[in-house]
Structure formats: structure tokens, C-alpha cells
file work_28.cif (mmCIF, N, CA and C atoms)
data_coords
loop_
_atom_site.label_atom_id
_atom_site.label_comp_id
_atom_site.auth_asym_id
_atom_site.auth_seq_id
_atom_site.Cartn_x
_atom_site.Cartn_y
_atom_site.Cartn_z
N MET A 205 -27.31 19.65 -9.82
CA MET A 205 -26.86 20.97 -9.44
C MET A 205 -25.54 21.25 -10.17
N LEU A 206 -25.45 22.39 -10.80
CA LEU A 206 -24.25 22.78 -11.54
C LEU A 206 -23.47 23.79 -10.72
N MET A 207 -22.17 23.53 -10.57
CA MET A 207 -21.31 24.44 -9.82
C MET A 207 -20.17 24.86 -10.74
N GLU A 208 -19.90 26.17 -10.75
CA GLU A 208 -18.83 26.69 -11.60
C GLU A 208 -17.82 27.42 -10.73
N THR A 209 -16.54 27.15 -10.97
CA THR A 209 -15.47 27.78 -10.22
C THR A 209 -14.50 28.41 -11.21
N THR A 210 -14.08 29.63 -10.91
CA THR A 210 -13.09 30.30 -11.75
C THR A 210 -11.85 30.55 -10.91
N GLU A 211 -10.68 30.18 -11.45
CA GLU A 211 -9.40 30.39 -10.78
C GLU A 211 -8.51 31.22 -11.68
N PHE A 212 -7.67 32.02 -11.07
CA PHE A 212 -6.64 32.75 -11.81
C PHE A 212 -5.30 32.22 -11.35
N VAL A 213 -4.51 31.74 -12.29
CA VAL A 213 -3.25 31.07 -11.99
C VAL A 213 -2.10 31.90 -12.57
N ILE A 214 -1.10 32.19 -11.73
CA ILE A 214 0.13 32.82 -12.23
C ILE A 214 1.14 31.71 -12.45
N ARG A 215 1.51 31.49 -13.68
CA ARG A 215 2.43 30.41 -14.03
C ARG A 215 3.87 30.81 -13.69
N GLU A 216 4.76 29.83 -13.71
CA GLU A 216 6.18 30.07 -13.39
C GLU A 216 6.83 31.09 -14.31
N ASN A 217 6.36 31.15 -15.55
CA ASN A 217 6.96 32.09 -16.50
C ASN A 217 6.32 33.48 -16.41
N GLY A 218 5.37 33.69 -15.46
CA GLY A 218 4.77 34.99 -15.23
C GLY A 218 3.46 35.23 -15.95
N THR A 219 3.03 34.31 -16.82
CA THR A 219 1.77 34.53 -17.52
C THR A 219 0.59 34.28 -16.58
N LEU A 220 -0.48 35.00 -16.81
CA LEU A 220 -1.70 34.88 -16.00
C LEU A 220 -2.70 34.04 -16.80
N THR A 221 -3.25 33.00 -16.16
CA THR A 221 -4.17 32.09 -16.83
C THR A 221 -5.48 32.05 -16.06
N GLU A 222 -6.59 32.09 -16.78
CA GLU A 222 -7.90 31.93 -16.17
C GLU A 222 -8.37 30.49 -16.42
N ARG A 223 -8.80 29.83 -15.36
CA ARG A 223 -9.28 28.45 -15.46
C ARG A 223 -10.70 28.39 -14.92
N THR A 224 -11.64 27.92 -15.72
CA THR A 224 -13.03 27.78 -15.29
C THR A 224 -13.38 26.30 -15.27
N THR A 225 -13.92 25.86 -14.15
CA THR A 225 -14.29 24.46 -13.98
C THR A 225 -15.79 24.38 -13.72
N ARG A 226 -16.47 23.54 -14.45
CA ARG A 226 -17.89 23.29 -14.23
C ARG A 226 -18.06 21.88 -13.70
N GLU A 227 -18.80 21.75 -12.62
CA GLU A 227 -19.01 20.44 -12.01
C GLU A 227 -20.50 20.19 -11.84
N ARG A 228 -20.90 18.93 -12.04
CA ARG A 228 -22.26 18.51 -11.73
C ARG A 228 -22.21 17.05 -11.31
N ASP A 229 -23.06 16.71 -10.38
CA ASP A 229 -23.13 15.33 -9.91
C ASP A 229 -23.83 14.48 -10.95
N LEU A 230 -23.27 13.30 -11.20
CA LEU A 230 -23.86 12.36 -12.15
C LEU A 230 -24.54 11.24 -11.40
N ASP A 231 -25.65 10.82 -11.90
CA ASP A 231 -26.37 9.71 -11.30
C ASP A 231 -25.89 8.41 -11.96
N ALA A 232 -24.66 8.04 -11.64
CA ALA A 232 -24.06 6.86 -12.25
C ALA A 232 -24.34 5.64 -11.38
N GLY A 233 -24.72 4.56 -12.00
CA GLY A 233 -24.97 3.32 -11.28
C GLY A 233 -23.67 2.64 -10.89
N GLN A 234 -23.78 1.61 -10.07
CA GLN A 234 -22.60 0.91 -9.58
C GLN A 234 -21.79 0.29 -10.71
N SER A 235 -22.44 -0.21 -11.76
CA SER A 235 -21.69 -0.83 -12.86
C SER A 235 -20.84 0.21 -13.59
N ALA A 236 -21.34 1.44 -13.73
CA ALA A 236 -20.55 2.50 -14.36
C ALA A 236 -19.35 2.88 -13.49
N LEU A 237 -19.58 2.97 -12.19
CA LEU A 237 -18.47 3.29 -11.28
C LEU A 237 -17.43 2.18 -11.28
N ASP A 238 -17.87 0.92 -11.30
CA ASP A 238 -16.93 -0.21 -11.35
C ASP A 238 -16.09 -0.17 -12.62
N ALA A 239 -16.73 0.16 -13.75
CA ALA A 239 -16.01 0.22 -15.03
C ALA A 239 -14.99 1.35 -15.02
N LEU A 240 -15.33 2.47 -14.43
CA LEU A 240 -14.41 3.61 -14.38
C LEU A 240 -13.21 3.36 -13.46
N THR A 241 -13.42 2.56 -12.43
CA THR A 241 -12.35 2.33 -11.46
C THR A 241 -11.69 0.97 -11.59
N GLU A 242 -11.99 0.24 -12.67
CA GLU A 242 -11.39 -1.09 -12.86
C GLU A 242 -9.87 -0.98 -12.92
N GLY A 243 -9.21 -1.78 -12.14
CA GLY A 243 -7.75 -1.79 -12.14
C GLY A 243 -7.12 -0.68 -11.32
N VAL A 244 -7.92 0.16 -10.71
CA VAL A 244 -7.37 1.26 -9.90
C VAL A 244 -7.03 0.73 -8.52
N THR A 245 -5.85 1.02 -8.07
CA THR A 245 -5.44 0.64 -6.73
C THR A 245 -5.47 1.86 -5.84
N ARG A 246 -6.06 1.71 -4.69
CA ARG A 246 -6.11 2.80 -3.73
C ARG A 246 -5.13 2.52 -2.61
N SER A 247 -4.27 3.48 -2.32
CA SER A 247 -3.32 3.34 -1.22
C SER A 247 -3.91 3.98 0.01
N LEU A 248 -4.04 3.20 1.05
CA LEU A 248 -4.56 3.70 2.31
C LEU A 248 -3.45 3.62 3.35
N ARG A 249 -3.07 4.75 3.90
CA ARG A 249 -1.99 4.78 4.87
C ARG A 249 -2.57 4.84 6.28
N HIS A 250 -1.86 4.26 7.23
CA HIS A 250 -2.24 4.29 8.65
C HIS A 250 -3.64 3.72 8.87
N VAL A 251 -3.89 2.53 8.32
CA VAL A 251 -5.19 1.88 8.44
C VAL A 251 -5.41 1.37 9.86
N ALA A 252 -4.36 0.86 10.46
CA ALA A 252 -4.45 0.30 11.82
C ALA A 252 -3.07 0.40 12.45
N GLU A 253 -3.00 0.02 13.71
CA GLU A 253 -1.70 -0.01 14.38
C GLU A 253 -1.56 -1.30 15.16
N ILE A 254 -0.44 -1.98 14.94
CA ILE A 254 -0.11 -3.19 15.69
C ILE A 254 0.88 -2.76 16.77
N PRO A 255 0.55 -2.97 18.04
CA PRO A 255 1.37 -2.41 19.12
C PRO A 255 2.87 -2.70 19.04
N THR A 256 3.27 -3.88 18.64
CA THR A 256 4.70 -4.19 18.61
C THR A 256 5.36 -3.90 17.26
N TRP A 257 4.58 -3.60 16.22
CA TRP A 257 5.14 -3.36 14.89
C TRP A 257 4.98 -1.93 14.42
N GLY A 258 3.87 -1.29 14.71
CA GLY A 258 3.62 0.07 14.25
C GLY A 258 2.41 0.14 13.35
N VAL A 259 2.37 1.16 12.48
CA VAL A 259 1.20 1.39 11.63
C VAL A 259 1.15 0.40 10.47
N VAL A 260 -0.07 0.12 10.03
CA VAL A 260 -0.32 -0.81 8.93
C VAL A 260 -0.91 -0.02 7.76
N HIS A 261 -0.44 -0.31 6.56
CA HIS A 261 -0.92 0.34 5.34
C HIS A 261 -1.59 -0.72 4.47
N ALA A 262 -2.43 -0.26 3.54
CA ALA A 262 -3.11 -1.19 2.63
C ALA A 262 -3.14 -0.61 1.22
N ASN A 263 -2.94 -1.47 0.24
CA ASN A 263 -3.17 -1.13 -1.17
C ASN A 263 -4.35 -1.98 -1.61
N VAL A 264 -5.46 -1.31 -1.93
CA VAL A 264 -6.72 -2.00 -2.19
C VAL A 264 -7.01 -1.97 -3.68
N GLY A 265 -7.10 -3.15 -4.27
CA GLY A 265 -7.51 -3.29 -5.66
C GLY A 265 -8.91 -3.86 -5.71
N GLN A 266 -9.44 -4.05 -6.89
CA GLN A 266 -10.81 -4.54 -7.01
C GLN A 266 -10.92 -5.99 -6.55
N SER A 267 -9.87 -6.79 -6.73
CA SER A 267 -9.97 -8.20 -6.36
C SER A 267 -9.01 -8.63 -5.26
N HIS A 268 -8.20 -7.72 -4.74
CA HIS A 268 -7.25 -8.11 -3.70
C HIS A 268 -6.83 -6.89 -2.87
N THR A 269 -6.32 -7.17 -1.68
CA THR A 269 -5.76 -6.14 -0.81
C THR A 269 -4.39 -6.61 -0.35
N ILE A 270 -3.40 -5.73 -0.46
CA ILE A 270 -2.05 -6.04 0.01
C ILE A 270 -1.80 -5.20 1.26
N TRP A 271 -1.50 -5.86 2.35
CA TRP A 271 -1.25 -5.20 3.63
C TRP A 271 0.25 -5.08 3.84
N SER A 272 0.69 -3.99 4.43
CA SER A 272 2.11 -3.84 4.74
C SER A 272 2.29 -3.10 6.05
N ALA A 273 3.36 -3.45 6.74
CA ALA A 273 3.71 -2.79 8.00
C ALA A 273 5.23 -2.77 8.10
N PRO A 274 5.81 -1.60 8.32
CA PRO A 274 7.26 -1.57 8.49
C PRO A 274 7.62 -2.17 9.85
N ILE A 275 8.58 -3.07 9.83
CA ILE A 275 9.00 -3.70 11.09
C ILE A 275 10.52 -3.60 11.21
N ASP A 276 10.98 -3.46 12.45
CA ASP A 276 12.41 -3.36 12.69
C ASP A 276 13.04 -4.72 12.95
N ARG A 277 12.26 -5.68 13.42
CA ARG A 277 12.81 -6.97 13.81
C ARG A 277 11.76 -8.05 13.57
N LEU A 278 12.18 -9.15 12.98
CA LEU A 278 11.31 -10.28 12.74
C LEU A 278 11.98 -11.52 13.32
N GLU A 279 11.28 -12.19 14.22
CA GLU A 279 11.85 -13.38 14.85
C GLU A 279 11.15 -14.63 14.32
N LEU A 280 11.95 -15.55 13.80
CA LEU A 280 11.44 -16.80 13.26
C LEU A 280 12.11 -17.97 13.96
N ASN A 281 11.35 -19.01 14.21
CA ASN A 281 11.95 -20.25 14.69
C ASN A 281 12.32 -21.07 13.46
N ALA A 282 13.59 -21.39 13.33
CA ALA A 282 14.06 -22.11 12.15
C ALA A 282 15.06 -23.17 12.56
N ARG A 283 15.22 -24.13 11.70
CA ARG A 283 16.24 -25.17 11.91
C ARG A 283 17.46 -24.78 11.09
N PHE A 284 18.65 -25.11 11.61
CA PHE A 284 19.90 -24.71 10.97
C PHE A 284 20.79 -25.91 10.73
N ARG A 285 21.61 -25.80 9.69
CA ARG A 285 22.56 -26.85 9.35
C ARG A 285 23.88 -26.17 8.99
N LEU A 286 24.97 -26.78 9.39
CA LEU A 286 26.30 -26.27 9.07
C LEU A 286 26.68 -26.77 7.68
N ILE A 287 26.80 -25.83 6.72
CA ILE A 287 27.17 -26.18 5.35
C ILE A 287 28.42 -25.41 4.99
N ASN A 288 29.53 -26.13 4.72
CA ASN A 288 30.82 -25.52 4.39
C ASN A 288 31.26 -24.48 5.42
N GLY A 289 31.03 -24.82 6.70
CA GLY A 289 31.46 -23.93 7.78
C GLY A 289 30.54 -22.74 8.03
N VAL A 290 29.39 -22.70 7.35
CA VAL A 290 28.44 -21.60 7.53
C VAL A 290 27.12 -22.16 8.05
N LEU A 291 26.58 -21.53 9.11
CA LEU A 291 25.30 -21.95 9.66
C LEU A 291 24.18 -21.38 8.79
N VAL A 292 23.40 -22.27 8.16
CA VAL A 292 22.40 -21.88 7.17
C VAL A 292 21.02 -22.32 7.65
N PRO A 293 19.99 -21.42 7.54
CA PRO A 293 18.64 -21.87 7.91
C PRO A 293 18.12 -22.90 6.92
N VAL A 294 17.51 -23.96 7.45
CA VAL A 294 16.94 -25.03 6.63
C VAL A 294 15.49 -25.19 7.10
N PHE A 295 14.60 -24.38 6.55
CA PHE A 295 13.23 -24.29 7.06
C PHE A 295 12.44 -25.58 6.89
N ALA A 296 12.73 -26.37 5.89
CA ALA A 296 11.96 -27.59 5.64
C ALA A 296 12.42 -28.77 6.49
N SER A 297 13.54 -28.63 7.17
CA SER A 297 14.09 -29.75 7.94
C SER A 297 13.27 -30.01 9.21
N THR A 298 13.21 -31.28 9.61
CA THR A 298 12.58 -31.64 10.88
C THR A 298 13.58 -32.23 11.86
N THR A 299 14.85 -32.36 11.43
CA THR A 299 15.83 -33.04 12.27
C THR A 299 17.00 -32.14 12.69
N ASP A 300 17.26 -31.04 12.00
CA ASP A 300 18.41 -30.20 12.34
C ASP A 300 18.13 -29.36 13.58
N LEU A 301 19.16 -28.73 14.09
CA LEU A 301 19.11 -27.92 15.30
C LEU A 301 18.14 -26.74 15.10
N GLU A 302 17.20 -26.59 16.05
CA GLU A 302 16.24 -25.50 15.96
C GLU A 302 16.67 -24.33 16.85
N MET A 303 16.65 -23.12 16.27
CA MET A 303 17.00 -21.90 17.02
C MET A 303 16.10 -20.77 16.54
N GLN A 304 16.09 -19.71 17.33
CA GLN A 304 15.34 -18.53 16.92
C GLN A 304 16.22 -17.65 16.05
N LEU A 305 15.71 -17.23 14.90
CA LEU A 305 16.43 -16.39 13.97
C LEU A 305 15.81 -15.00 14.01
N ALA A 306 16.61 -13.99 14.33
CA ALA A 306 16.11 -12.61 14.36
C ALA A 306 16.66 -11.88 13.15
N TRP A 307 15.76 -11.31 12.35
CA TRP A 307 16.14 -10.51 11.19
C TRP A 307 15.86 -9.07 11.48
#

call {"tool": "encode", "arguments": {"input": "work_28.cif", "output": "C-alpha cells"}}
result
Amino acid sequence: MLMETTEFVIRENGTLTERTTRERDLDAGQSALDALTEGVTRSLRHVAEIPTWGVVHANVGQSHTIWSAPIDRLELNARFRLINGVLVPVFASTTDLEMQLAW
């Protein structure tokens, strides 16, 4: 099915432009669609909601998905050591003082 649309656009400089667009559906197989979208990342906002964190977003690529959620506070259990008068987290330690670290 062929669909044609005509638009009239007034540009910022005042000129009038006619734009005609012709569209038709293509019977493209999955391999053609994969080739056209290779390397394209799709950003999906508000995919889910985690009650204590908020909304979750996703960036979806062909071979991976990166999830993100804005958070105000992150609590980690970590071990700490006093180094030159400064209390420093030492995550790999099994013997230093363990405390909760809030970021």
C-alpha cells in the first residue's frame, strides 16, 4: 500500500516549503532488519519501578542491555582501616572493622 503525505512548512526565514513524503511497507526479512539496526541502541525510559529506588531505565543494544536507576542513597557493608588518620574503606579485608557505609 502506498501512502503519500504533503506538508507545507514555513521556515524561520519566512520561506514556504512544500514537502511530499511517499511511504510503503516493505516485506523485509529478519536478517535485513538486523542488518539495518546493527549497533543501534534503544533507550527505554521508565521500564519498571523499584519501590525504594524509583524508576528503572534501560539502554538496549543487540548483544547487551544496560540498566540504570537513579538512587539517592546506597548502603554498603564494608570494612574500614585507619590510614594516616583517615578512615578508609578496605573492601577486600576480612579482619578490619566492619561498618555500614552510606553513600

call {"tool": "select_by_dssp", "arguments": {"input": "work_28.cif", "residues": "stretch 246-275 of chain A", "states": "strand (DSSP E)", "output": "NGL selection string"}}
result
:A and (246-254 or 258-264 or 269-272)

call {"tool": "closest_residue", "arguments": {"input": "work_28.cif", "among": "A:Glu208, A:Asn263, A:Glu242, A:Leu301", "to": "A:Arg285", "atoms": "all atoms listed in the file"}}
result
A:Leu301

call {"tool": "resolve_selection", "arguments": {"input": "work_28.cif", "expression": "the PyMOL selection byres (((chain A and resi 245 and name CA) around 12) and name CA)", "output": "list in words"}}
result
Thr241, Glu242, Gly243, Val244, Arg246, Ser247, Leu248, Ala262, Asn263, Val264, Gly265, Gln266, Ser267, His268, Thr269 and Ile270 of chain A

call {"tool": "residues_around", "arguments": {"input": "work_28.cif", "residues": "stretch 257-259 of chain A", "least_positions_apart": "2", "cutoff": "8 Å", "atoms": "all atoms listed in the file", "output": "PDB file with N, CA and C atoms, in the coordinates of the input"}}
result
ATOM      1  N   ARG A 249      -3.070   4.750   3.900  1.00  0.00           N
ATOM      2  CA  ARG A 249      -1.990   4.780   4.870  1.00  0.00           C
ATOM      3  C   ARG A 249      -2.570   4.840   6.280  1.00  0.00           C
ATOM      4  N   HIS A 250      -1.860   4.260   7.230  1.00  0.00           N
ATOM      5  CA  HIS A 250      -2.240   4.290   8.650  1.00  0.00           C
ATOM      6  C   HIS A 250      -3.640   3.720   8.870  1.00  0.00           C
ATOM      7  N   VAL A 251      -3.890   2.530   8.320  1.00  0.00           N
ATOM      8  CA  VAL A 251      -5.190   1.880   8.440  1.00  0.00           C
ATOM      9  C   VAL A 251      -5.410   1.370   9.860  1.00  0.00           C
ATOM     10  N   ALA A 252      -4.360   0.860  10.460  1.00  0.00           N
ATOM     11  CA  ALA A 252      -4.450   0.300  11.820  1.00  0.00           C
ATOM     12  C   ALA A 252      -3.070   0.400  12.450  1.00  0.00           C
ATOM     13  N   GLU A 253      -3.000   0.020  13.710  1.00  0.00           N
ATOM     14  CA  GLU A 253      -1.700  -0.010  14.380  1.00  0.00           C
ATOM     15  C   GLU A 253      -1.560  -1.300  15.160  1.00  0.00           C
ATOM     16  N   ILE A 254      -0.440  -1.980  14.940  1.00  0.00           N
ATOM     17  CA  ILE A 254      -0.110  -3.190  15.690  1.00  0.00           C
ATOM     18  C   ILE A 254       0.880  -2.760  16.770  1.00  0.00           C
ATOM     19  N   PRO A 255       0.550  -2.970  18.040  1.00  0.00           N
ATOM     20  CA  PRO A 255       1.370  -2.410  19.120  1.00  0.00           C
ATOM     21  C   PRO A 255       2.870  -2.700  19.040  1.00  0.00           C
ATOM     22  N   HIS A 261      -0.440  -0.310   6.560  1.00  0.00           N
ATOM     23  CA  HIS A 261      -0.920   0.340   5.340  1.00  0.00           C
ATOM     24  C   HIS A 261      -1.590  -0.720   4.470  1.00  0.00           C
ATOM     25  N   ALA A 262      -2.430  -0.260   3.540  1.00  0.00           N
ATOM     26  CA  ALA A 262      -3.110  -1.190   2.630  1.00  0.00           C
ATOM     27  C   ALA A 262      -3.140  -0.610   1.220  1.00  0.00           C
ATOM     28  N   SER A 272       0.690  -3.990   4.430  1.00  0.00           N
ATOM     29  CA  SER A 272       2.110  -3.840   4.740  1.00  0.00           C
ATOM     30  C   SER A 272       2.290  -3.100   6.050  1.00  0.00           C
ATOM     31  N   ALA A 273       3.360  -3.450   6.740  1.00  0.00           N
ATOM     32  CA  ALA A 273       3.710  -2.790   8.000  1.00  0.00           C
ATOM     33  C   ALA A 273       5.230  -2.770   8.100  1.00  0.00           C
ATOM     34  N   PRO A 274       5.810  -1.600   8.320  1.00  0.00           N
ATOM     35  CA  PRO A 274       7.260  -1.570   8.490  1.00  0.00           C
ATOM     36  C   PRO A 274       7.620  -2.170   9.850  1.00  0.00           C
ATOM     37  N   ILE A 275       8.580  -3.070   9.830  1.00  0.00           N
ATOM     38  CA  ILE A 275       9.000  -3.700  11.090  1.00  0.00           C
ATOM     39  C   ILE A 275      10.520  -3.600  11.210  1.00  0.00           C
ATOM     40  N   ASP A 276      10.980  -3.460  12.450  1.00  0.00           N
ATOM     41  CA  ASP A 276      12.410  -3.360  12.690  1.00  0.00           C
ATOM     42  C   ASP A 276      13.040  -4.720  12.950  1.00  0.00           C
ATOM     43  N   ARG A 277      12.260  -5.680  13.420  1.00  0.00           N
ATOM     44  CA  ARG A 277      12.810  -6.970  13.810  1.00  0.00           C
ATOM     45  C   ARG A 277      11.760  -8.050  13.570  1.00  0.00           C
TER      46      ARG A 277
END

call {"tool": "select_by_dssp", "arguments": {"input": "work_28.cif", "residues": "chain A", "states": "alpha helix (DSSP H)", "output": "PyMOL selection string"}}
result
chain A and resi 234-240

call {"tool": "residues_around", "arguments": {"input": "work_28.cif", "residues": "A:Leu280", "least_positions_apart": "2", "cutoff": "8 Å", "atoms": "only N, CA and C atoms", "output": "JSON, numbers by chain"}}
result
{"A": [277, 278, 282, 283, 303, 304, 305, 306, 307]}

call {"tool": "atom_distance", "arguments": {"input": "work_28.cif", "atom1": "atom N of A:Phe212", "atom2": "atom CA of A:Arg226"}}
result
13.8 Å

call {"tool": "atom_distance", "arguments": {"input": "work_28.cif", "atom1": "atom N of A:Ala239", "atom2": "atom C of A:Leu206"}}
result
24.8 Å

call {"tool": "resolve_selection", "arguments": {"input": "work_28.cif", "expression": "the PyMOL selection byres (((chain A and resi 294 and name CA) around 8) and name CA)", "output": "PyMOL selection string"}}
result
chain A and resi 282-285+292-293+295-297+300

call {"tool": "closest_residue", "arguments": {"input": "work_28.cif", "among": "A:Leu220, A:Leu230, A:Thr225, A:Ala236", "to": "A:Met205", "atoms": "only N, CA and C atoms"}}
result
A:Leu230

call {"tool": "closest_residue", "arguments": {"input": "work_28.cif", "among": "A:Ala232, A:Glu279, A:Arg223, A:Glu302", "to": "A:Thr210", "atoms": "only C-alpha atoms"}}
result
A:Arg223

call {"tool": "closest_residue", "arguments": {"input": "work_28.cif", "among": "A:Thr299, A:Ile287, A:Asp238, A:Thr209", "to": "A:Thr224", "atoms": "all atoms listed in the file"}}
result
A:Thr209

call {"tool": "atom_distance", "arguments": {"input": "work_28.cif", "atom1": "atom C of A:Glu211", "atom2": "atom CA of A:Arg228"}}
result
18.7 Å
